[in-house]
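**Student:** Below is the structure I would like to discuss, written out as structure tokens.
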Amino acid sequence: MNRGGLFHFSKRILRSSHLRRSWLRFSRFQSSARSKNKPPKKRRFWTKYRVIGSVIGGVYCGLLLFGVRNDIPLSRFLLVRPMMSLIDPETAHRWAVQLSSQSLTIRSLFGLVDKSAPVDILEVKLWGLTFDNPIGLAAGFDKHGEAIDGMLDMGFGFVEIGSITPEPQEGNPKPRLFRLMEDRAIINRYGFNSEGHDVVANRLQERENSLQRAIGVIGINLGKNKTSPSALEDYSKGIQKLGPFAHYLVINVSSPNTPGLRKLQGRDQLKKLLSELIVVRDEMHKEMQSKSPIKCASCILPKCPLLVKISPDLSQDDRIEIAEVLKEVKIDGIIISNTTISRPKSLKSSFKSEGGGLSGGPLAQMSTELIRDMYRLTNGEIPIIGVGGIKDGADAYEKITAGASLVQLYSSLVFYGPALVARIKRQLTDHVLADGFDNIREAIGADHRGAPGPENADG
Ligand SMILES: Cc1cc2nc3c(=O)[nH]c(=O)nc-3n(C[C@H](O)[C@H](O)[C@H](O)COP(=O)(O)O)c2cc1C
């Protein structure tokens, strides 16, 4: 049989109905087996992209971690910012608190631990307390006292928790937190969302019992419940319940998000409120000293310092009256300032008209000028904690020379990340030395003594 004959023969066999049926059965079996083992074309496409996505995600996270740990500015713009815009601000806040409350090992992995040693130049002694450095965490980040050790380990010299209300309350409806990226600012109208005194007190007690807690100063900021008829009662409860855990206490009468709260800054109301709260504080302190001095954070001190936090939106008359009241009642300190309800014309963000308190960059000068004014009006006799828009060592130094003994920050952590704290400390040391001071204590209120320099500093 020649080649052509063989070809025609095979064709004829294949065409035979029996073989054709067998072939069809075989090919159907094959395709069903293939469809069982292999995903259909569309699914294969997505599987491929899922693998590529995971690789890109992994590389992104690796670079992000590397950038944050090593404080690489470019990573903030190229990696952190795009990620931030994807996450709702309140969720990001909750995650940040949760991460900061993890073990030291996990926090180190995420670059949240400042390993630099304290420097003597930055040490401040106030109210009988020693602050390793004058940079503190402002109220509002750790509202329920969950991440105290994490924030102290980040390099803060002191951490203020709260505001805490007597009874738990939800706060305002969401959304209530807005990032103004273009303005490096935040608007919040949380409205004192709080877990309440009991939950926070139990948490602080657990921390006291733990051997692994970080060393540092703890401030507790007290608020009032929205529906409570008596501010005096709410703040008194706060002093009694949380005072034993605090190195200092703050009466917050300046949050713009609780109706009527800022009216407590009026001359008569403030005088009555603070003089009664000072008595409550004295009684609490005396009782703790006699009952269980070991368990009381401030029992080594003559008294637990009581501070008042004021608003940046005060008129000149308000400032004069408040300064008089604070001198009269002998308050231990003033925190200047809370968020502002004003909206500077310079704001660019589309969120600028949201209701609530504005913080961050646009607040910086406003709060520094109020510090300067209140230092002058109180003759530098009442220690001031300066807060508002601090993003670098220069901002912190400006507030200190204007009259602040200590400073705090919150908003800029959101935009510049956790490495900011160590950076501010380095820059602050440079400013102190560049102005010829031996230490930061000499720089406090230096603007009021003429040109900066050790010859004009009176300590
Ligand atoms: C989201 C958020 C929540 C805040 N919550 C409180 C608070 O509960 N009690 C309080 O006294 N201040 C609160 N503040 C005000 C800050 O403590 C601080 O006074 C203000 O933000 C100015 O500092 P900054 O510009 O560094 O953020 C909050 C601020 C922000 C941004």
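The chains in the structure tokens are called A, B, ... from first to last as shown; in each chain the residues are counted from 1, and the ligands are counted from 1 in the order shown.
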Contacts of range 390-399 of chain A at 10 Å or less, counting only C-alpha atoms, minus same-chain residues fewer than 2 places along, as a ChimeraX atom specification?

**Tutor:** /A:134-135,184,336,359-361,363-365,367-372,384-388,401-413,415-416,420-432,440,443-447

**Student:** Atoms to include: C-alpha atoms. Write the selected residues as a PDB file, in the first residue's frame.

**Tutor:**
ATOM      1  CA  PRO A 134       9.358  68.322  77.266  1.00  0.00           C
ATOM      2  CA  ILE A 135       7.452  66.710  74.365  1.00  0.00           C
ATOM      3  CA  ARG A 184      -1.816  69.488  57.412  1.00  0.00           C
ATOM      4  CA  ILE A 336      -2.862  76.194  75.873  1.00  0.00           C
ATOM      5  CA  SER A 359      -6.081  71.428  64.944  1.00  0.00           C
ATOM      6  CA  GLY A 360      -2.677  71.090  63.293  1.00  0.00           C
ATOM      7  CA  GLY A 361      -0.747  73.616  61.184  1.00  0.00           C
ATOM      8  CA  LEU A 363      -3.587  76.439  64.860  1.00  0.00           C
ATOM      9  CA  ALA A 364       0.152  76.847  65.476  1.00  0.00           C
ATOM     10  CA  GLN A 365       0.465  80.654  65.562  1.00  0.00           C
ATOM     11  CA  SER A 367      -1.894  78.946  70.193  1.00  0.00           C
ATOM     12  CA  THR A 368       1.658  80.366  70.417  1.00  0.00           C
ATOM     13  CA  GLU A 369       0.277  83.914  70.681  1.00  0.00           C
ATOM     14  CA  LEU A 370      -2.126  82.819  73.413  1.00  0.00           C
ATOM     15  CA  ILE A 371       0.764  81.189  75.306  1.00  0.00           C
ATOM     16  CA  ARG A 372       2.723  84.431  75.022  1.00  0.00           C
ATOM     17  CA  ILE A 384       2.081  76.407  80.804  1.00  0.00           C
ATOM     18  CA  ILE A 385       1.866  73.341  78.566  1.00  0.00           C
ATOM     19  CA  GLY A 386       1.856  74.634  74.984  1.00  0.00           C
ATOM     20  CA  VAL A 387      -0.025  72.695  72.308  1.00  0.00           C
ATOM     21  CA  GLY A 388      -1.216  73.413  68.777  1.00  0.00           C
ATOM     22  CA  THR A 401      10.489  80.671  74.409  1.00  0.00           C
ATOM     23  CA  ALA A 402       6.970  82.198  74.341  1.00  0.00           C
ATOM     24  CA  GLY A 403       6.401  80.786  77.835  1.00  0.00           C
ATOM     25  CA  ALA A 404       5.605  77.060  77.728  1.00  0.00           C
ATOM     26  CA  SER A 405       7.474  74.834  80.185  1.00  0.00           C
ATOM     27  CA  LEU A 406       6.340  71.727  78.321  1.00  0.00           C
ATOM     28  CA  VAL A 407       4.678  71.127  74.947  1.00  0.00           C
ATOM     29  CA  GLN A 408       2.325  68.548  73.450  1.00  0.00           C
ATOM     30  CA  LEU A 409       1.291  67.445  69.987  1.00  0.00           C
ATOM     31  CA  TYR A 410      -1.233  65.218  68.291  1.00  0.00           C
ATOM     32  CA  SER A 411      -2.231  66.199  64.726  1.00  0.00           C
ATOM     33  CA  SER A 412       1.243  66.208  63.184  1.00  0.00           C
ATOM     34  CA  LEU A 413       1.716  62.564  64.235  1.00  0.00           C
ATOM     35  CA  PHE A 415       0.937  63.520  58.841  1.00  0.00           C
ATOM     36  CA  TYR A 416       4.584  62.922  59.792  1.00  0.00           C
ATOM     37  CA  LEU A 420       8.512  62.714  64.415  1.00  0.00           C
ATOM     38  CA  VAL A 421       8.979  62.562  68.197  1.00  0.00           C
ATOM     39  CA  ALA A 422      12.669  61.594  68.056  1.00  0.00           C
ATOM     40  CA  ARG A 423      13.248  64.140  65.286  1.00  0.00           C
ATOM     41  CA  ILE A 424      11.702  66.995  67.312  1.00  0.00           C
ATOM     42  CA  LYS A 425      13.883  66.110  70.297  1.00  0.00           C
ATOM     43  CA  ARG A 426      17.049  66.255  68.152  1.00  0.00           C
ATOM     44  CA  GLN A 427      16.017  69.557  66.574  1.00  0.00           C
ATOM     45  CA  LEU A 428      15.029  71.034  69.922  1.00  0.00           C
ATOM     46  CA  THR A 429      18.457  70.215  71.377  1.00  0.00           C
ATOM     47  CA  ASP A 430      20.059  71.984  68.388  1.00  0.00           C
ATOM     48  CA  HIS A 431      17.908  75.103  68.942  1.00  0.00           C
ATOM     49  CA  VAL A 432      18.767  75.258  72.654  1.00  0.00           C
ATOM     50  CA  ILE A 440      15.868  73.780  77.799  1.00  0.00           C
ATOM     51  CA  ALA A 443      14.835  78.842  77.256  1.00  0.00           C
ATOM     52  CA  ILE A 444      11.392  78.803  78.923  1.00  0.00           C
ATOM     53  CA  GLY A 445       9.811  82.246  78.452  1.00  0.00           C
ATOM     54  CA  ALA A 446      13.059  83.663  77.014  1.00  0.00           C
ATOM     55  CA  ASP A 447      11.113  85.955  74.634  1.00  0.00           C
TER      56      ASP A 447
END

**Student:** Using only C-alpha atoms, which protein or nucleic acid residues come within 7 Å of range 65-70 of chain A? Drop anything in the same chain fewer than 3 positions from it, and give the result as a list in words.

**Tutor:**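 So the residues in contact are Cys61, Gly62, Ser75, Phe110 and Gly111 of chain A.
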
**Student:** Taking the DSSP assignment computed from this structure's backbone, write out as an MDAnalysis selection string all residues of range 23-168 of chain A that belong to strand (DSSP E).

**Tutor:** chainID A and resid 124:126 129:131 135:137 158:164

**Student:** What gap, in Å, lies between CA of Phe158 in chain A and CA of Asp142 in chain A?

**Tutor:**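 Spanning CA of Phe158 in chain A to CA of Asp142 in chain A is a straight-line distance of 12.4 Å.
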
**Student:** Contacts of Ser228 in chain A at 12 Å or less, counting only C-alpha atoms, minus same-chain residues fewer than 6 places along, as a CSV table (one decimal) with C-alpha atoms, in the first residue's frame?

**Tutor:**
chain,number,residue,atom,x,y,z
A,165,THR,CA,-16.3,61.2,81.1
A,166,PRO,CA,-17.9,59.6,84.2
A,167,GLU,CA,-20.4,57.4,82.3
A,168,PRO,CA,-19.6,55.7,79.0
A,169,GLN,CA,-20.9,57.6,76.0
A,234,ASP,CA,-18.6,65.2,86.8
A,235,TYR,CA,-15.1,66.7,87.3
A,258,THR,CA,-19.8,69.4,74.0
A,259,PRO,CA,-22.7,71.9,74.2
A,260,GLY,CA,-22.2,74.6,76.8
A,261,LEU,CA,-18.7,73.4,77.9

**Student:** As number ranges by chain, please: the residues near Ser255 in chain A (cut-off 10 Å, only C-alpha atoms, same-chain neighbours under 5 positions excluded).

**Tutor:** A: 163, 189-192, 223, 260-262, 309-311, 337-341, 356-357

**Student:** List the spatial neighbours of Asp332 in chain A as a list in words - criterion: any atom at most 6 Å away, only C-alpha atoms, same-chain residues fewer than 6 positions off excluded.

**Tutor:**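 Non-adjacent residues within range: Pro305, Leu306 and Leu307 of chain A.
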